[in-house]
Amino acid sequence: MQGFTLDTPAGGVYAARWRPDGGTAGRSPIVLLHDSLGCVALWRDFPALLAAACSREVIAYDRRGYGRSAPYPGPQPSSFIADEPRDAFAVLREHLELERFVALGHSVGGGMAVEVAGRYPEACTALVTVAAQAFVEPRTLAGIRQAEQAFAEPDAMARLARYHGDKADWVLRAWVDNWHSEAFHGWSLDPALARVTCPTLAIHGELDEYGSIEQPWRISQRTPGPREPDILPCGHVPHRECPQRLADLVASFLTDSP
């Protein structure tokens, strides 16, 4: 793993890359987009596993306000999902000169991956969403409230601060407050899904605490496919609960992808 920070006028964007043994044979790299409380470090061993399974370079980065990237200047706007293709992702793409890539996002990062695929259709060769939310449903909001209550315990916030430092409170509030805001009421990925032109795979856990299996079905039905969703026997974090199975699914999907 090679970690590095990209300097921008708005502060540093931290990123990392994993290269498989034996080279990538010209295959598009996979760019990982993390979830609402995530960062590069919280992908843990999955990027290396994915790189080996797919024989592709894997790149991950911390969004502004998360992990080792610079703090976000103020509250996170309700448009943050749609904004990401023009924010830190654009910085990463320009600095690494990514002419083409595979977008893979987890949870809210899955929604961002959809937005990225729709904004850069000529460059995004494939799209994979994992435990993504395509619309707001009661299970999503209830799960977030339950998690918020759990973070009232000092040990829980200390664990979050281990990855986000003094940005931990901002990270939690950005998650909870945006999803429960009036501006987010009625939000959906439908406009972004309509712009996706590349092959798409939606993966979801049957025990996901933050979204029913209607979420991946919405994604698969409104994108080119060609596959129905893959439902795994796990909860909201497949890359931690069943990482090898997830990596193998992605590898199989990308077999014929450039």
# chains A, B, ... in the order shown; residues from 1 in each chain; ligands from 1
$ select_by_dssp --residues "segment 37-89 of chain A" --states "helix (DSSP H, G or I)" --output "list in words"
Val40, Ala41, Leu42, Trp43, Phe46, Pro47, Ala48, Leu49, Leu50, Ala51, Ala52, Ala53, Cys54, Phe80, Ile81, Ala82, Asp83, Glu84, Pro85, Arg86, Ala88 and Phe89 of chain A
$ write_last_selection --atoms "C-alpha atoms" --output "PDB file, in the first residue's frame"
ATOM      1  CA  VAL A  40      -9.211   4.857   3.830  1.00  0.00           C
ATOM      2  CA  ALA A  41      -8.134   3.107   7.039  1.00  0.00           C
ATOM      3  CA  LEU A  42     -11.602   1.658   7.635  1.00  0.00           C
ATOM      4  CA  TRP A  43     -11.478  -0.303   4.386  1.00  0.00           C
ATOM      5  CA  PHE A  46     -10.234  -5.224   1.660  1.00  0.00           C
ATOM      6  CA  PRO A  47      -8.418  -3.060  -0.930  1.00  0.00           C
ATOM      7  CA  ALA A  48      -5.447  -5.446  -1.020  1.00  0.00           C
ATOM      8  CA  LEU A  49      -7.803  -8.424  -1.247  1.00  0.00           C
ATOM      9  CA  LEU A  50      -9.748  -6.763  -4.062  1.00  0.00           C
ATOM     10  CA  ALA A  51      -6.605  -5.854  -5.979  1.00  0.00           C
ATOM     11  CA  ALA A  52      -5.440  -9.479  -5.855  1.00  0.00           C
ATOM     12  CA  ALA A  53      -8.853 -10.909  -6.801  1.00  0.00           C
ATOM     13  CA  CYS A  54      -9.369  -8.535  -9.738  1.00  0.00           C
ATOM     14  CA  PHE A  80     -22.986  16.376  -0.651  1.00  0.00           C
ATOM     15  CA  ILE A  81     -23.716  13.144  -2.558  1.00  0.00           C
ATOM     16  CA  ALA A  82     -24.251  14.903  -5.891  1.00  0.00           C
ATOM     17  CA  ASP A  83     -21.332  17.260  -5.179  1.00  0.00           C
ATOM     18  CA  GLU A  84     -18.663  14.571  -4.728  1.00  0.00           C
ATOM     19  CA  PRO A  85     -17.834  14.032  -8.436  1.00  0.00           C
ATOM     20  CA  ARG A  86     -16.778  17.693  -8.560  1.00  0.00           C
ATOM     21  CA  ALA A  88     -12.328  15.420  -3.832  1.00  0.00           C
ATOM     22  CA  PHE A  89     -13.010  12.800  -6.514  1.00  0.00           C
TER      23      PHE A  89
END
$ residues_around --residues "Leu207 of chain A" --least-positions-apart "6" --cutoff "8 Å" --atoms "only C-alpha atoms" --output "PDB file with C-alpha atoms, in the first residue's frame"
ATOM      1  CA  PRO A 233     -25.750 -13.257   3.871  1.00  0.00           C
ATOM      2  CA  CYS A 234     -24.498 -10.322   5.923  1.00  0.00           C
ATOM      3  CA  GLY A 235     -25.356  -6.888   7.250  1.00  0.00           C
ATOM      4  CA  HIS A 236     -24.357  -3.410   6.148  1.00  0.00           C
TER       5      HIS A 236
END
$ closest_atom_pairs --of "segment 128-180 of chain A" --to "segment 211-227 of chain A" --cutoff "8 Å" --atoms "only C-alpha atoms" --output "tab-separated table"
residue	atom	partner	partner_atom	distance
A:Ala131	CA	A:Gly211	CA	7.5
A:Ala132	CA	A:Gln215	CA	7.0
A:Gln133	CA	A:Gln215	CA	5.8
A:Ala134	CA	A:Gln215	CA	5.5
A:Phe135	CA	A:Gln215	CA	7.1
A:Glu137	CA	A:Gly211	CA	7.2
A:Arg139	CA	A:Gly211	CA	5.8
A:Thr140	CA	A:Gly211	CA	5.5
$ write_last_selection --atoms "N, CA and C atoms" --output "PDB file, in the first residue's frame"
ATOM      1  N   ALA A 131     -24.197  -2.056  -0.530  1.00  0.00           N
ATOM      2  CA  ALA A 131     -25.016  -1.567   0.584  1.00  0.00           C
ATOM      3  C   ALA A 131     -25.409  -0.108   0.389  1.00  0.00           C
ATOM      4  N   ALA A 132     -25.639   0.300  -0.851  1.00  0.00           N
ATOM      5  CA  ALA A 132     -25.954   1.695  -1.149  1.00  0.00           C
ATOM      6  C   ALA A 132     -27.423   1.997  -0.886  1.00  0.00           C
ATOM      7  N   GLN A 133     -27.684   3.265  -0.537  1.00  0.00           N
ATOM      8  CA  GLN A 133     -29.057   3.745  -0.426  1.00  0.00           C
ATOM      9  C   GLN A 133     -29.414   4.484  -1.711  1.00  0.00           C
ATOM     10  N   ALA A 134     -30.520   4.069  -2.336  1.00  0.00           N
ATOM     11  CA  ALA A 134     -30.988   4.729  -3.547  1.00  0.00           C
ATOM     12  C   ALA A 134     -32.133   5.692  -3.260  1.00  0.00           C
ATOM     13  N   PHE A 135     -32.712   5.585  -2.072  1.00  0.00           N
ATOM     14  CA  PHE A 135     -33.792   6.466  -1.639  1.00  0.00           C
ATOM     15  C   PHE A 135     -33.884   6.372  -0.122  1.00  0.00           C
ATOM     16  N   GLU A 137     -35.677   5.509   3.233  1.00  0.00           N
ATOM     17  CA  GLU A 137     -36.761   4.684   3.755  1.00  0.00           C
ATOM     18  C   GLU A 137     -36.676   4.645   5.276  1.00  0.00           C
ATOM     19  N   ARG A 139     -36.236   2.393   7.458  1.00  0.00           N
ATOM     20  CA  ARG A 139     -35.158   1.588   8.022  1.00  0.00           C
ATOM     21  C   ARG A 139     -33.846   2.376   8.057  1.00  0.00           C
ATOM     22  N   THR A 140     -33.626   3.172   7.021  1.00  0.00           N
ATOM     23  CA  THR A 140     -32.409   3.981   6.976  1.00  0.00           C
ATOM     24  C   THR A 140     -32.369   4.964   8.134  1.00  0.00           C
TER      25      THR A 140
END
$ closest_residue --among "A:Ala10, A:Leu104, A:Cys198, A:Ala15" --to "Pro73 of chain A" --atoms "only C-alpha atoms"
A:Ala10
$ closest_residue --among "A:Phe253, A:Leu33, A:Glu57, A:Gly22" --to "Met1 of chain A" --atoms "only C-alpha atoms"
A:Glu57
$ select_by_dssp --residues "segment 3-244 of chain A" --states "strand (DSSP E or B)" --output "ChimeraX atom specification"
/A:3-6,13-18,30-33,58-61,101-106,124-130,135,188,200-205,226,230-232
$ atom_distance --atom1 "atom CA of Gly205 of chain A" --atom2 "atom CA of Ile231 of chain A"
5.5 Å
$ residues_around --residues "Val136 of chain A" --least-positions-apart "4" --cutoff "7 Å" --atoms "only C-alpha atoms" --output "PyMOL selection string"
chain A and resi 140+186-188
$ residues_around --residues "Leu249 of chain A" --least-positions-apart "3" --cutoff "12 Å" --atoms "only C-alpha atoms" --output "number ranges by chain"
A: 50, 53-54, 128-130, 201-204, 227, 229-232, 238-239, 242-246, 252-255
$ closest_residue --among "A:His34, A:Arg64, A:Trp175, A:Arg44" --to "Tyr14 of chain A" --atoms "only C-alpha atoms"
A:Arg64
$ atom_distance --atom1 "atom CA of His164 of chain A" --atom2 "atom CA of Gly12 of chain A"
14.1 Å
$ residues_around --residues "Pro75 of chain A" --least-positions-apart "3" --cutoff "10 Å" --atoms "only C-alpha atoms" --output "number ranges by chain"
A: 65, 72, 78, 170-171, 173-174, 177-178
$ write_last_selection --atoms "C-alpha atoms" --output "short mmCIF file (atom, residue, chain, number, x, y, z; two decimals), in the first residue's frame"
data_model
loop_
_atom_site.label_atom_id
_atom_site.label_comp_id
_atom_site.auth_asym_id
_atom_site.auth_seq_id
_atom_site.Cartn_x
_atom_site.Cartn_y
_atom_site.Cartn_z
CA GLY A 65 -13.66 16.27 6.45
CA TYR A 72 -14.60 20.48 5.63
CA SER A 78 -27.46 18.39 1.82
CA TRP A 170 -18.30 16.77 12.62
CA VAL A 171 -18.33 13.35 10.90
CA ARG A 173 -23.24 15.19 12.87
CA ALA A 174 -22.78 15.33 9.09
CA ASP A 177 -28.20 15.68 10.62
CA ASN A 178 -28.16 15.48 6.83
#
$ closest_residue --among "A:Glu97, A:Glu153, A:Asp166, A:Asp7" --to "Gly67 of chain A" --atoms "only C-alpha atoms"
A:Asp166
$ residues_around --residues "Leu141 of chain A" --least-positions-apart "3" --cutoff "9 Å" --atoms "only C-alpha atoms" --output "JSON, numbers by chain"
{"A": [136, 137, 138, 144, 145, 146, 176, 179, 180, 210]}
$ write_last_selection --atoms "N, CA and C atoms" --output "CSV table (one decimal), in the first residue's frame"
chain,number,residue,atom,x,y,z
A,136,VAL,N,-34.6,7.3,0.5
A,136,VAL,CA,-34.7,7.3,1.9
A,136,VAL,C,-35.9,6.4,2.3
A,137,GLU,N,-35.7,5.5,3.2
A,137,GLU,CA,-36.8,4.7,3.8
A,137,GLU,C,-36.7,4.6,5.3
A,138,PRO,N,-37.8,4.3,6.0
A,138,PRO,CA,-37.8,4.3,7.4
A,138,PRO,C,-36.6,3.5,8.1
A,144,ILE,N,-29.9,5.0,11.6
A,144,ILE,CA,-29.0,6.1,11.9
A,144,ILE,C,-29.3,6.6,13.3
A,145,ARG,N,-30.5,6.7,13.7
A,145,ARG,CA,-30.8,7.2,15.0
A,145,ARG,C,-30.3,6.2,16.1
A,146,GLN,N,-30.4,4.9,15.8
A,146,GLN,CA,-29.9,3.9,16.7
A,146,GLN,C,-28.4,4.0,16.9
A,176,VAL,N,-25.8,12.1,10.7
A,176,VAL,CA,-27.1,12.1,11.3
A,176,VAL,C,-28.0,13.3,10.9
A,179,TRP,N,-29.2,13.3,6.9
A,179,TRP,CA,-30.2,12.3,6.6
A,179,TRP,C,-31.6,12.6,7.2
A,180,HIS,N,-31.5,13.3,8.4
A,180,HIS,CA,-32.8,13.6,9.0
A,180,HIS,C,-33.3,15.1,8.7
A,210,TYR,N,-29.5,-0.6,7.4
A,210,TYR,CA,-29.8,0.7,6.9
A,210,TYR,C,-30.6,0.7,5.6
